[in-house]
Amino acid sequence: MTTYRIAAIPGDGIGGEVISAGVEVLDALARRDGSFSFTFDSFDWGGEYYKRNGRMMPENGRDLIRDHDAILFGSAGHPEIPDHITLWGLRLAICQPFDQYANVRPTRILPGITSPLRHVSGPELDWVIVRENSEGEYAGVGGRVHQGSPLEAATDVSMFTRLGVARIIRFAFRLAQSRPRRHLTVVTKSNAQRHAMVMWDEVAAEVAGEFPDVTWDKMLVDAMTVRMVMKPDSLDTIVATNLHADILSDLAAALAGSLGIAPTANLNPERDFPSMFEPIHGSAFDITGKGVANPVGTFWSSVMMLEHLGEADAAARLMAAIERVTGDPRCHTPDLGGTARTADVTAAVIAAINGAND
């Protein structure tokens, strides 16, 4: 039997609640399958750790998780700590050194959930957004001078390398090639950003020559928001910069019905480091401790983790269980307009995994 070592990092807010639910479901899935198991090592890093120690994770934190097979992450963000500290001190402190440069966010409308677009349902909204996850607008290059004075100046410099752009666009083309429609949309802002974004366009055109079986087009990011709302069926696989894809993927999750259901994979495709899987909903301190957080985003992220680990059958079983449960309005949490609790959804998914009502 294969045993996978998973580093579980709940983080802040509802992160603890949804990661606990995710561990329950993954353990149930492993028992049902019988050919693999999980060992979960939990790390209490995040805002409360910062309040005790002055940092979001220990100095040797990455060494503690480097040899795990995958990382299951909850959320980063604490109302008593500036967001740039929580983000750079934990999530980005893992993503960038572990070269998790491919952030992959699938979006589709699950059974039982109505898109805000109303007339859109099922396969008409079936996207995968690929976000460059290691450089660009979030490279961390910049600084502040003369702080507090009228002369204060601040810079955030977007850093793009040909290597970084080429590898994420090539990854996106390969992903598009694996999907039925074989269509990729490259998103930039090359009319106004005439250096790095023009390089994106040029590299995309070069890489496209390696994939003659993939149809591709390009969009300016502002026009892309209109296309996502007005012509969602014209899109399939999408690739964009760190900032642009960050924003577009939140819009995509909202169009699919709720941020609570949206998953993410932060991939190191070369597998030199462990990849990290997380829901995108954030720490949601307004509902922390109330037991009503939607765990579906974590469950769907776990599907992506299983696929990454090579457990395709188990991933398909878990996705089928998720779809069965979202199709039942009694299992909708408040973000979906229902009254179900986190524990209710978790129990229902476990029952579906075990074949209840098959």
# chains A, B, ... in the order shown; residues from 1 in each chain; ligands from 1

call {"tool": "residues_around", "arguments": {"residues": "Val214 (chain A)", "least_positions_apart": "6", "cutoff": "9 Å", "atoms": "only C-alpha atoms", "output": "short mmCIF file (atom, residue, chain, number, x, y, z; two decimals) with C-alpha atoms, in the first residue's frame"}}
result
data_model
loop_
_atom_site.label_atom_id
_atom_site.label_comp_id
_atom_site.auth_asym_id
_atom_site.auth_seq_id
_atom_site.Cartn_x
_atom_site.Cartn_y
_atom_site.Cartn_z
CA PHE A 173 -0.77 25.07 -24.08
CA ARG A 174 -0.13 21.53 -22.85
CA ALA A 176 -5.32 23.09 -23.37
CA GLN A 177 -4.04 20.26 -25.57
CA ARG A 181 -11.82 21.81 -27.06
CA ARG A 182 -8.05 22.39 -27.39
CA HIS A 183 -8.45 26.14 -27.12
CA LEU A 184 -6.29 28.65 -25.21
CA ALA A 208 2.07 28.38 -30.15
#

call {"tool": "residues_around", "arguments": {"residues": "region 58-71 of chain A", "least_positions_apart": "4", "cutoff": "7 Å", "atoms": "only C-alpha atoms", "output": "PDB file with N, CA and C atoms, in the first residue's frame"}}
result
ATOM      1  N   TYR A   4       0.890   8.330   1.473  1.00  0.00           N
ATOM      2  CA  TYR A   4       1.271   9.682   1.089  1.00  0.00           C
ATOM      3  C   TYR A   4       1.395  10.559   2.332  1.00  0.00           C
ATOM      4  N   ARG A   5       2.509  11.262   2.429  1.00  0.00           N
ATOM      5  CA  ARG A   5       2.715  12.211   3.526  1.00  0.00           C
ATOM      6  C   ARG A   5       2.228  13.582   3.069  1.00  0.00           C
ATOM      7  N   ILE A   6       1.250  14.111   3.787  1.00  0.00           N
ATOM      8  CA  ILE A   6       0.652  15.394   3.436  1.00  0.00           C
ATOM      9  C   ILE A   6       0.920  16.393   4.555  1.00  0.00           C
ATOM     10  N   ALA A   7       1.458  17.537   4.205  1.00  0.00           N
ATOM     11  CA  ALA A   7       1.621  18.624   5.168  1.00  0.00           C
ATOM     12  C   ALA A   7       0.332  19.426   5.184  1.00  0.00           C
ATOM     13  N   ALA A   8      -0.368  19.418   6.307  1.00  0.00           N
ATOM     14  CA  ALA A   8      -1.623  20.151   6.453  1.00  0.00           C
ATOM     15  C   ALA A   8      -1.339  21.465   7.177  1.00  0.00           C
ATOM     16  N   ILE A  94       6.054  29.975   0.773  1.00  0.00           N
ATOM     17  CA  ILE A  94       6.097  28.574   0.340  1.00  0.00           C
ATOM     18  C   ILE A  94       6.093  28.493  -1.183  1.00  0.00           C
ATOM     19  N   PHE A 273       9.886  20.041  -5.932  1.00  0.00           N
ATOM     20  CA  PHE A 273       9.368  20.419  -4.622  1.00  0.00           C
ATOM     21  C   PHE A 273       7.916  19.951  -4.532  1.00  0.00           C
ATOM     22  N   PRO A 274       7.371  19.852  -3.322  1.00  0.00           N
ATOM     23  CA  PRO A 274       5.955  19.485  -3.214  1.00  0.00           C
ATOM     24  C   PRO A 274       5.058  20.600  -3.740  1.00  0.00           C
ATOM     25  N   SER A 275       3.950  20.228  -4.313  1.00  0.00           N
ATOM     26  CA  SER A 275       2.950  21.193  -4.761  1.00  0.00           C
ATOM     27  C   SER A 275       1.935  21.423  -3.649  1.00  0.00           C
ATOM     28  N   MET A 276       1.229  22.544  -3.734  1.00  0.00           N
ATOM     29  CA  MET A 276       0.320  22.949  -2.651  1.00  0.00           C
ATOM     30  C   MET A 276      -1.091  23.164  -3.203  1.00  0.00           C
ATOM     31  N   PHE A 277      -2.089  22.690  -2.447  1.00  0.00           N
ATOM     32  CA  PHE A 277      -3.478  22.702  -2.890  1.00  0.00           C
ATOM     33  C   PHE A 277      -4.318  23.430  -1.850  1.00  0.00           C
TER      34      PHE A 277
END

call {"tool": "closest_residue", "arguments": {"among": "A:Leu125, A:Leu151, A:Ala223, A:Val296", "to": "Met319 (chain A)", "atoms": "only C-alpha atoms"}}
result
A:Val296

call {"tool": "residues_around", "arguments": {"residues": "Leu163 (chain A)", "least_positions_apart": "2", "cutoff": "12 Å", "atoms": "only C-alpha atoms", "output": "PDB file with N, CA and C atoms, in the first residue's frame"}}
result
ATOM      1  N   TYR A 101       5.195  27.482  -9.817  1.00  0.00           N
ATOM      2  CA  TYR A 101       4.953  28.578 -10.746  1.00  0.00           C
ATOM      3  C   TYR A 101       3.651  28.466 -11.523  1.00  0.00           C
ATOM      4  N   GLU A 132       0.347  32.588 -13.737  1.00  0.00           N
ATOM      5  CA  GLU A 132       1.778  32.575 -13.451  1.00  0.00           C
ATOM      6  C   GLU A 132       1.937  32.937 -11.982  1.00  0.00           C
ATOM      7  N   SER A 134       4.920  32.928  -9.868  1.00  0.00           N
ATOM      8  CA  SER A 134       6.228  33.094  -9.231  1.00  0.00           C
ATOM      9  C   SER A 134       6.892  34.441  -9.465  1.00  0.00           C
ATOM     10  N   GLU A 135       6.388  35.212 -10.444  1.00  0.00           N
ATOM     11  CA  GLU A 135       7.057  36.481 -10.735  1.00  0.00           C
ATOM     12  C   GLU A 135       6.007  37.526 -11.102  1.00  0.00           C
ATOM     13  N   MET A 159       8.302  42.125 -12.503  1.00  0.00           N
ATOM     14  CA  MET A 159       9.471  41.488 -13.108  1.00  0.00           C
ATOM     15  C   MET A 159       9.033  40.265 -13.913  1.00  0.00           C
ATOM     16  N   PHE A 160       9.299  40.292 -15.200  1.00  0.00           N
ATOM     17  CA  PHE A 160       8.970  39.175 -16.067  1.00  0.00           C
ATOM     18  C   PHE A 160      10.239  38.693 -16.753  1.00  0.00           C
ATOM     19  N   THR A 161      10.467  37.398 -16.729  1.00  0.00           N
ATOM     20  CA  THR A 161      11.604  36.822 -17.439  1.00  0.00           C
ATOM     21  C   THR A 161      11.088  36.003 -18.613  1.00  0.00           C
ATOM     22  N   VAL A 165       7.918  33.423 -18.459  1.00  0.00           N
ATOM     23  CA  VAL A 165       6.771  33.564 -19.354  1.00  0.00           C
ATOM     24  C   VAL A 165       6.631  32.337 -20.246  1.00  0.00           C
ATOM     25  N   ALA A 166       7.745  31.880 -20.811  1.00  0.00           N
ATOM     26  CA  ALA A 166       7.683  30.739 -21.726  1.00  0.00           C
ATOM     27  C   ALA A 166       7.194  29.479 -21.028  1.00  0.00           C
ATOM     28  N   ARG A 167       7.673  29.244 -19.797  1.00  0.00           N
ATOM     29  CA  ARG A 167       7.286  27.985 -19.154  1.00  0.00           C
ATOM     30  C   ARG A 167       5.815  27.977 -18.754  1.00  0.00           C
ATOM     31  N   ILE A 168       5.250  29.124 -18.341  1.00  0.00           N
ATOM     32  CA  ILE A 168       3.836  29.108 -17.961  1.00  0.00           C
ATOM     33  C   ILE A 168       2.952  29.044 -19.199  1.00  0.00           C
ATOM     34  N   ILE A 169       3.341  29.693 -20.282  1.00  0.00           N
ATOM     35  CA  ILE A 169       2.550  29.615 -21.512  1.00  0.00           C
ATOM     36  C   ILE A 169       2.628  28.210 -22.103  1.00  0.00           C
ATOM     37  N   ARG A 170       3.808  27.607 -22.053  1.00  0.00           N
ATOM     38  CA  ARG A 170       3.947  26.228 -22.543  1.00  0.00           C
ATOM     39  C   ARG A 170       3.102  25.276 -21.688  1.00  0.00           C
ATOM     40  N   MET A 199       6.211  41.405 -24.559  1.00  0.00           N
ATOM     41  CA  MET A 199       7.013  40.187 -24.538  1.00  0.00           C
ATOM     42  C   MET A 199       6.124  38.963 -24.352  1.00  0.00           C
ATOM     43  N   TRP A 200       5.106  39.052 -23.479  1.00  0.00           N
ATOM     44  CA  TRP A 200       4.156  37.954 -23.307  1.00  0.00           C
ATOM     45  C   TRP A 200       3.543  37.572 -24.649  1.00  0.00           C
ATOM     46  N   VAL A 203       6.177  35.860 -26.886  1.00  0.00           N
ATOM     47  CA  VAL A 203       6.499  34.502 -26.442  1.00  0.00           C
ATOM     48  C   VAL A 203       5.328  33.558 -26.726  1.00  0.00           C
ATOM     49  N   VAL A 207       5.629  30.073 -28.757  1.00  0.00           N
ATOM     50  CA  VAL A 207       5.289  28.778 -28.165  1.00  0.00           C
ATOM     51  C   VAL A 207       4.130  28.126 -28.913  1.00  0.00           C
TER      52      VAL A 207
END

call {"tool": "closest_residue", "arguments": {"among": "A:Ser258, A:Ser158, A:Ser178, A:Thr298", "to": "His195 (chain A)", "atoms": "only C-alpha atoms"}}
result
A:Ser158

call {"tool": "atom_distance", "arguments": {"atom1": "CA of Arg341 (chain A)", "atom2": "CA of Val292 (chain A)"}}
result
4.5 Å

call {"tool": "select_by_dssp", "arguments": {"residues": "region 250-338 of chain A", "states": "alpha helix (DSSP H)", "output": "PyMOL selection string"}}
result
chain A and resi 250-255+296-309+312-326

call {"tool": "write_last_selection", "arguments": {"atoms": "N, CA and C atoms", "output": "short mmCIF file (atom, residue, chain, number, x, y, z; two decimals), in the first residue's frame"}}
result
data_model
loop_
_atom_site.label_atom_id
_atom_site.label_comp_id
_atom_site.auth_asym_id
_atom_site.auth_seq_id
_atom_site.Cartn_x
_atom_site.Cartn_y
_atom_site.Cartn_z
N ASP A 250 -11.05 35.04 -9.41
CA ASP A 250 -12.10 35.37 -8.44
C ASP A 250 -13.41 35.68 -9.15
N LEU A 251 -13.34 36.40 -10.25
CA LEU A 251 -14.54 36.65 -11.05
C LEU A 251 -15.12 35.32 -11.53
N ALA A 252 -14.26 34.43 -11.99
CA ALA A 252 -14.73 33.13 -12.47
C ALA A 252 -15.44 32.36 -11.37
N ALA A 253 -14.87 32.37 -10.16
CA ALA A 253 -15.50 31.65 -9.05
C ALA A 253 -16.86 32.24 -8.72
N ALA A 254 -16.97 33.56 -8.76
CA ALA A 254 -18.26 34.19 -8.48
C ALA A 254 -19.28 33.83 -9.56
N LEU A 255 -18.85 33.79 -10.81
CA LEU A 255 -19.76 33.43 -11.89
C LEU A 255 -20.21 31.97 -11.78
N VAL A 296 -16.44 22.70 0.21
CA VAL A 296 -16.35 22.14 -1.14
C VAL A 296 -15.08 22.59 -1.86
N GLY A 297 -14.65 23.85 -1.64
CA GLY A 297 -13.42 24.30 -2.26
C GLY A 297 -12.22 23.46 -1.84
N THR A 298 -12.20 23.06 -0.56
CA THR A 298 -11.12 22.19 -0.07
C THR A 298 -11.25 20.79 -0.65
N PHE A 299 -12.48 20.29 -0.74
CA PHE A 299 -12.67 18.95 -1.31
C PHE A 299 -12.24 18.92 -2.78
N TRP A 300 -12.61 19.95 -3.52
CA TRP A 300 -12.24 20.01 -4.94
C TRP A 300 -10.72 20.19 -5.08
N SER A 301 -10.11 20.97 -4.20
CA SER A 301 -8.65 21.08 -4.20
C SER A 301 -8.01 19.72 -3.91
N SER A 302 -8.66 18.93 -3.07
CA SER A 302 -8.16 17.59 -2.77
C SER A 302 -8.26 16.68 -3.99
N VAL A 303 -9.28 16.89 -4.82
CA VAL A 303 -9.37 16.16 -6.09
C VAL A 303 -8.13 16.44 -6.94
N MET A 304 -7.77 17.72 -7.00
CA MET A 304 -6.59 18.10 -7.79
C MET A 304 -5.32 17.50 -7.18
N MET A 305 -5.26 17.43 -5.86
CA MET A 305 -4.11 16.82 -5.21
C MET A 305 -4.01 15.34 -5.55
N LEU A 306 -5.14 14.65 -5.53
CA LEU A 306 -5.15 13.23 -5.87
C LEU A 306 -4.71 13.00 -7.31
N GLU A 307 -5.17 13.87 -8.21
CA GLU A 307 -4.74 13.75 -9.61
C GLU A 307 -3.23 13.94 -9.72
N HIS A 308 -2.70 14.91 -8.98
CA HIS A 308 -1.26 15.17 -9.00
C HIS A 308 -0.48 13.97 -8.45
N LEU A 309 -1.05 13.28 -7.47
CA LEU A 309 -0.39 12.13 -6.87
C LEU A 309 -0.54 10.87 -7.73
N ALA A 312 -5.91 8.73 -10.00
CA ALA A 312 -6.98 9.23 -10.85
C ALA A 312 -8.34 8.65 -10.49
N ASP A 313 -8.41 7.37 -10.16
CA ASP A 313 -9.70 6.75 -9.83
C ASP A 313 -10.27 7.36 -8.55
N ALA A 314 -9.41 7.54 -7.56
CA ALA A 314 -9.88 8.14 -6.30
C ALA A 314 -10.31 9.58 -6.52
N ALA A 315 -9.58 10.30 -7.36
CA ALA A 315 -9.96 11.68 -7.66
C ALA A 315 -11.34 11.73 -8.31
N ALA A 316 -11.59 10.82 -9.25
CA ALA A 316 -12.88 10.78 -9.92
C ALA A 316 -14.00 10.42 -8.95
N ARG A 317 -13.72 9.50 -8.02
CA ARG A 317 -14.73 9.13 -7.03
C ARG A 317 -15.07 10.32 -6.14
N LEU A 318 -14.05 11.06 -5.71
CA LEU A 318 -14.31 12.21 -4.85
C LEU A 318 -15.07 13.30 -5.61
N MET A 319 -14.70 13.54 -6.87
CA MET A 319 -15.42 14.56 -7.64
C MET A 319 -16.87 14.17 -7.84
N ALA A 320 -17.12 12.89 -8.09
CA ALA A 320 -18.51 12.43 -8.24
C ALA A 320 -19.28 12.62 -6.94
N ALA A 321 -18.63 12.38 -5.81
CA ALA A 321 -19.28 12.57 -4.51
C ALA A 321 -19.60 14.05 -4.29
N ILE A 322 -18.67 14.92 -4.64
CA ILE A 322 -18.91 16.36 -4.51
C ILE A 322 -20.12 16.78 -5.34
N GLU A 323 -20.18 16.31 -6.58
CA GLU A 323 -21.27 16.70 -7.47
C GLU A 323 -22.61 16.15 -6.98
N ARG A 324 -22.59 14.97 -6.40
CA ARG A 324 -23.84 14.42 -5.84
C ARG A 324 -24.33 15.31 -4.70
N VAL A 325 -23.41 15.75 -3.87
CA VAL A 325 -23.79 16.53 -2.69
C VAL A 325 -24.22 17.95 -3.08
N THR A 326 -23.50 18.60 -3.99
CA THR A 326 -23.92 19.95 -4.37
C THR A 326 -25.27 19.92 -5.09
#

call {"tool": "atom_distance", "arguments": {"atom1": "CA of Ile261 (chain A)", "atom2": "CA of Gly338 (chain A)"}}
result
13.8 Å

call {"tool": "select_by_dssp", "arguments": {"residues": "region 64-111 of chain A", "states": "strand (DSSP E or B)", "output": "MDAnalysis selection string"}}
result
chainID A and resid 70:75 78 81 102:108

call {"tool": "closest_residue", "arguments": {"among": "A:Pro269, A:Gly282, A:Gly142, A:Gly257", "to": "Leu117 (chain A)", "atoms": "only C-alpha atoms"}}
result
A:Gly257

call {"tool": "atom_distance", "arguments": {"atom1": "CA of Thr346 (chain A)", "atom2": "CA of Cys331 (chain A)"}}
result
9.3 Å

call {"tool": "closest_residue", "arguments": {"among": "A:Thr2, A:Asn133, A:Gln147, A:Thr155", "to": "Leu243 (chain A)", "atoms": "only C-alpha atoms"}}
result
A:Asn133

call {"tool": "closest_residue", "arguments": {"among": "A:Ala196, A:Ala284, A:Ile353, A:Ala348", "to": "Arg330 (chain A)", "atoms": "only C-alpha atoms"}}
result
A:Ala348

call {"tool": "closest_residue", "arguments": {"among": "A:Leu72, A:Leu267, A:Arg227, A:Ala293", "to": "His332 (chain A)", "atoms": "only C-alpha atoms"}}
result
A:Ala293

call {"tool": "residues_around", "arguments": {"residues": "Asn191 (chain A)", "least_positions_apart": "5", "cutoff": "9 Å", "atoms": "only C-alpha atoms", "output": "PDB file with C-alpha atoms, in the first residue's frame"}}
result
ATOM      1  CA  MET A 197       3.147  42.490 -21.876  1.00  0.00           C
ATOM      2  CA  VAL A 198       4.417  42.806 -25.436  1.00  0.00           C
ATOM      3  CA  LEU A 220      -6.678  42.451 -23.178  1.00  0.00           C
TER       4      LEU A 220
END

call {"tool": "residues_around", "arguments": {"residues": "Thr288 (chain A)", "least_positions_apart": "2", "cutoff": "7 Å", "atoms": "only C-alpha atoms", "output": "PyMOL selection string"}}
result
chain A and resi 13-14+284-286+290

call {"tool": "decode", "arguments": {"residues": "region 83-166 of chain A", "atoms": "C-alpha atoms", "output": "PDB file, in the first residue's frame"}}
result
ATOM      1  CA  ASP A  83      -2.314  41.449   4.782  1.00  0.00           C
ATOM      2  CA  HIS A  84       1.099  41.874   3.185  1.00  0.00           C
ATOM      3  CA  ILE A  85       2.679  40.282   6.260  1.00  0.00           C
ATOM      4  CA  THR A  86       0.351  37.284   6.299  1.00  0.00           C
ATOM      5  CA  LEU A  87       0.667  36.716   2.544  1.00  0.00           C
ATOM      6  CA  TRP A  88       4.428  37.138   2.187  1.00  0.00           C
ATOM      7  CA  GLY A  89       5.132  35.450   5.502  1.00  0.00           C
ATOM      8  CA  LEU A  90       3.338  32.203   4.739  1.00  0.00           C
ATOM      9  CA  ARG A  91       1.683  31.467   1.403  1.00  0.00           C
ATOM     10  CA  LEU A  92       4.175  33.227  -0.846  1.00  0.00           C
ATOM     11  CA  ALA A  93       7.000  32.106   1.436  1.00  0.00           C
ATOM     12  CA  ILE A  94       6.097  28.574   0.340  1.00  0.00           C
ATOM     13  CA  CYS A  95       5.021  29.131  -3.279  1.00  0.00           C
ATOM     14  CA  GLN A  96       8.017  31.072  -4.513  1.00  0.00           C
ATOM     15  CA  PRO A  97      10.939  29.126  -2.969  1.00  0.00           C
ATOM     16  CA  PHE A  98       9.235  25.853  -3.944  1.00  0.00           C
ATOM     17  CA  ASP A  99       8.889  27.201  -7.497  1.00  0.00           C
ATOM     18  CA  GLN A 100       5.171  26.469  -7.624  1.00  0.00           C
ATOM     19  CA  TYR A 101       4.953  28.578 -10.746  1.00  0.00           C
ATOM     20  CA  ALA A 102       1.752  27.126 -12.197  1.00  0.00           C
ATOM     21  CA  ASN A 103      -1.381  28.144 -10.311  1.00  0.00           C
ATOM     22  CA  VAL A 104      -4.282  26.179 -11.808  1.00  0.00           C
ATOM     23  CA  ARG A 105      -7.892  27.098 -11.085  1.00  0.00           C
ATOM     24  CA  PRO A 106     -10.696  25.103 -12.724  1.00  0.00           C
ATOM     25  CA  THR A 107     -14.117  26.722 -12.899  1.00  0.00           C
ATOM     26  CA  ARG A 108     -17.431  25.149 -13.775  1.00  0.00           C
ATOM     27  CA  ILE A 109     -20.962  25.209 -12.464  1.00  0.00           C
ATOM     28  CA  LEU A 110     -21.500  22.195 -10.237  1.00  0.00           C
ATOM     29  CA  PRO A 111     -24.866  20.387 -10.099  1.00  0.00           C
ATOM     30  CA  GLY A 112     -27.443  22.194  -7.998  1.00  0.00           C
ATOM     31  CA  ILE A 113     -25.678  25.567  -8.131  1.00  0.00           C
ATOM     32  CA  THR A 114     -27.017  28.469 -10.164  1.00  0.00           C
ATOM     33  CA  SER A 115     -24.628  30.905 -11.801  1.00  0.00           C
ATOM     34  CA  PRO A 116     -25.342  34.619 -11.317  1.00  0.00           C
ATOM     35  CA  LEU A 117     -25.483  34.706 -15.110  1.00  0.00           C
ATOM     36  CA  ARG A 118     -28.702  32.645 -14.801  1.00  0.00           C
ATOM     37  CA  HIS A 119     -28.866  31.544 -18.424  1.00  0.00           C
ATOM     38  CA  VAL A 120     -25.484  29.836 -18.159  1.00  0.00           C
ATOM     39  CA  SER A 121     -25.405  26.281 -16.884  1.00  0.00           C
ATOM     40  CA  GLY A 122     -23.460  23.076 -17.205  1.00  0.00           C
ATOM     41  CA  PRO A 123     -20.748  22.923 -19.849  1.00  0.00           C
ATOM     42  CA  GLU A 124     -21.288  26.503 -21.041  1.00  0.00           C
ATOM     43  CA  LEU A 125     -18.990  27.610 -18.214  1.00  0.00           C
ATOM     44  CA  ASP A 126     -16.151  25.126 -18.094  1.00  0.00           C
ATOM     45  CA  TRP A 127     -12.796  26.864 -17.789  1.00  0.00           C
ATOM     46  CA  VAL A 128      -9.334  26.343 -16.414  1.00  0.00           C
ATOM     47  CA  ILE A 129      -7.413  29.493 -15.540  1.00  0.00           C
ATOM     48  CA  VAL A 130      -3.627  29.172 -15.440  1.00  0.00           C
ATOM     49  CA  ARG A 131      -1.948  31.862 -13.372  1.00  0.00           C
ATOM     50  CA  GLU A 132       1.778  32.575 -13.451  1.00  0.00           C
ATOM     51  CA  ASN A 133       2.594  32.153  -9.777  1.00  0.00           C
ATOM     52  CA  SER A 134       6.228  33.094  -9.231  1.00  0.00           C
ATOM     53  CA  GLU A 135       7.057  36.481 -10.735  1.00  0.00           C
ATOM     54  CA  GLY A 136       5.296  39.337 -12.518  1.00  0.00           C
ATOM     55  CA  GLU A 137       3.383  41.862 -10.461  1.00  0.00           C
ATOM     56  CA  TYR A 138       3.911  39.823  -7.269  1.00  0.00           C
ATOM     57  CA  ALA A 139       7.657  39.419  -7.648  1.00  0.00           C
ATOM     58  CA  GLY A 140       8.227  41.448  -4.485  1.00  0.00           C
ATOM     59  CA  VAL A 141      10.643  43.879  -6.144  1.00  0.00           C
ATOM     60  CA  GLY A 142      10.312  47.473  -4.975  1.00  0.00           C
ATOM     61  CA  GLY A 143      10.601  49.656  -1.923  1.00  0.00           C
ATOM     62  CA  ARG A 144       9.679  52.825  -0.058  1.00  0.00           C
ATOM     63  CA  VAL A 145      11.735  55.888   0.724  1.00  0.00           C
ATOM     64  CA  HIS A 146      11.169  59.010   2.867  1.00  0.00           C
ATOM     65  CA  GLN A 147       8.353  57.237   4.687  1.00  0.00           C
ATOM     66  CA  GLY A 148       5.944  59.555   6.468  1.00  0.00           C
ATOM     67  CA  SER A 149       7.156  62.688   4.701  1.00  0.00           C
ATOM     68  CA  PRO A 150       5.570  64.610   1.804  1.00  0.00           C
ATOM     69  CA  LEU A 151       8.378  63.243  -0.373  1.00  0.00           C
ATOM     70  CA  GLU A 152       7.481  59.612   0.322  1.00  0.00           C
ATOM     71  CA  ALA A 153       7.726  57.378  -2.730  1.00  0.00           C
ATOM     72  CA  ALA A 154       6.866  53.716  -3.203  1.00  0.00           C
ATOM     73  CA  THR A 155       7.463  51.305  -6.057  1.00  0.00           C
ATOM     74  CA  ASP A 156       6.297  47.818  -6.930  1.00  0.00           C
ATOM     75  CA  VAL A 157       8.171  46.598  -9.981  1.00  0.00           C
ATOM     76  CA  SER A 158       6.693  43.877 -12.167  1.00  0.00           C
ATOM     77  CA  MET A 159       9.471  41.488 -13.108  1.00  0.00           C
ATOM     78  CA  PHE A 160       8.970  39.175 -16.067  1.00  0.00           C
ATOM     79  CA  THR A 161      11.604  36.822 -17.439  1.00  0.00           C
ATOM     80  CA  ARG A 162      11.487  35.130 -20.816  1.00  0.00           C
ATOM     81  CA  LEU A 163      12.027  31.798 -19.034  1.00  0.00           C
ATOM     82  CA  GLY A 164       9.158  32.422 -16.635  1.00  0.00           C
ATOM     83  CA  VAL A 165       6.771  33.564 -19.354  1.00  0.00           C
ATOM     84  CA  ALA A 166       7.683  30.739 -21.726  1.00  0.00           C
TER      85      ALA A 166
END
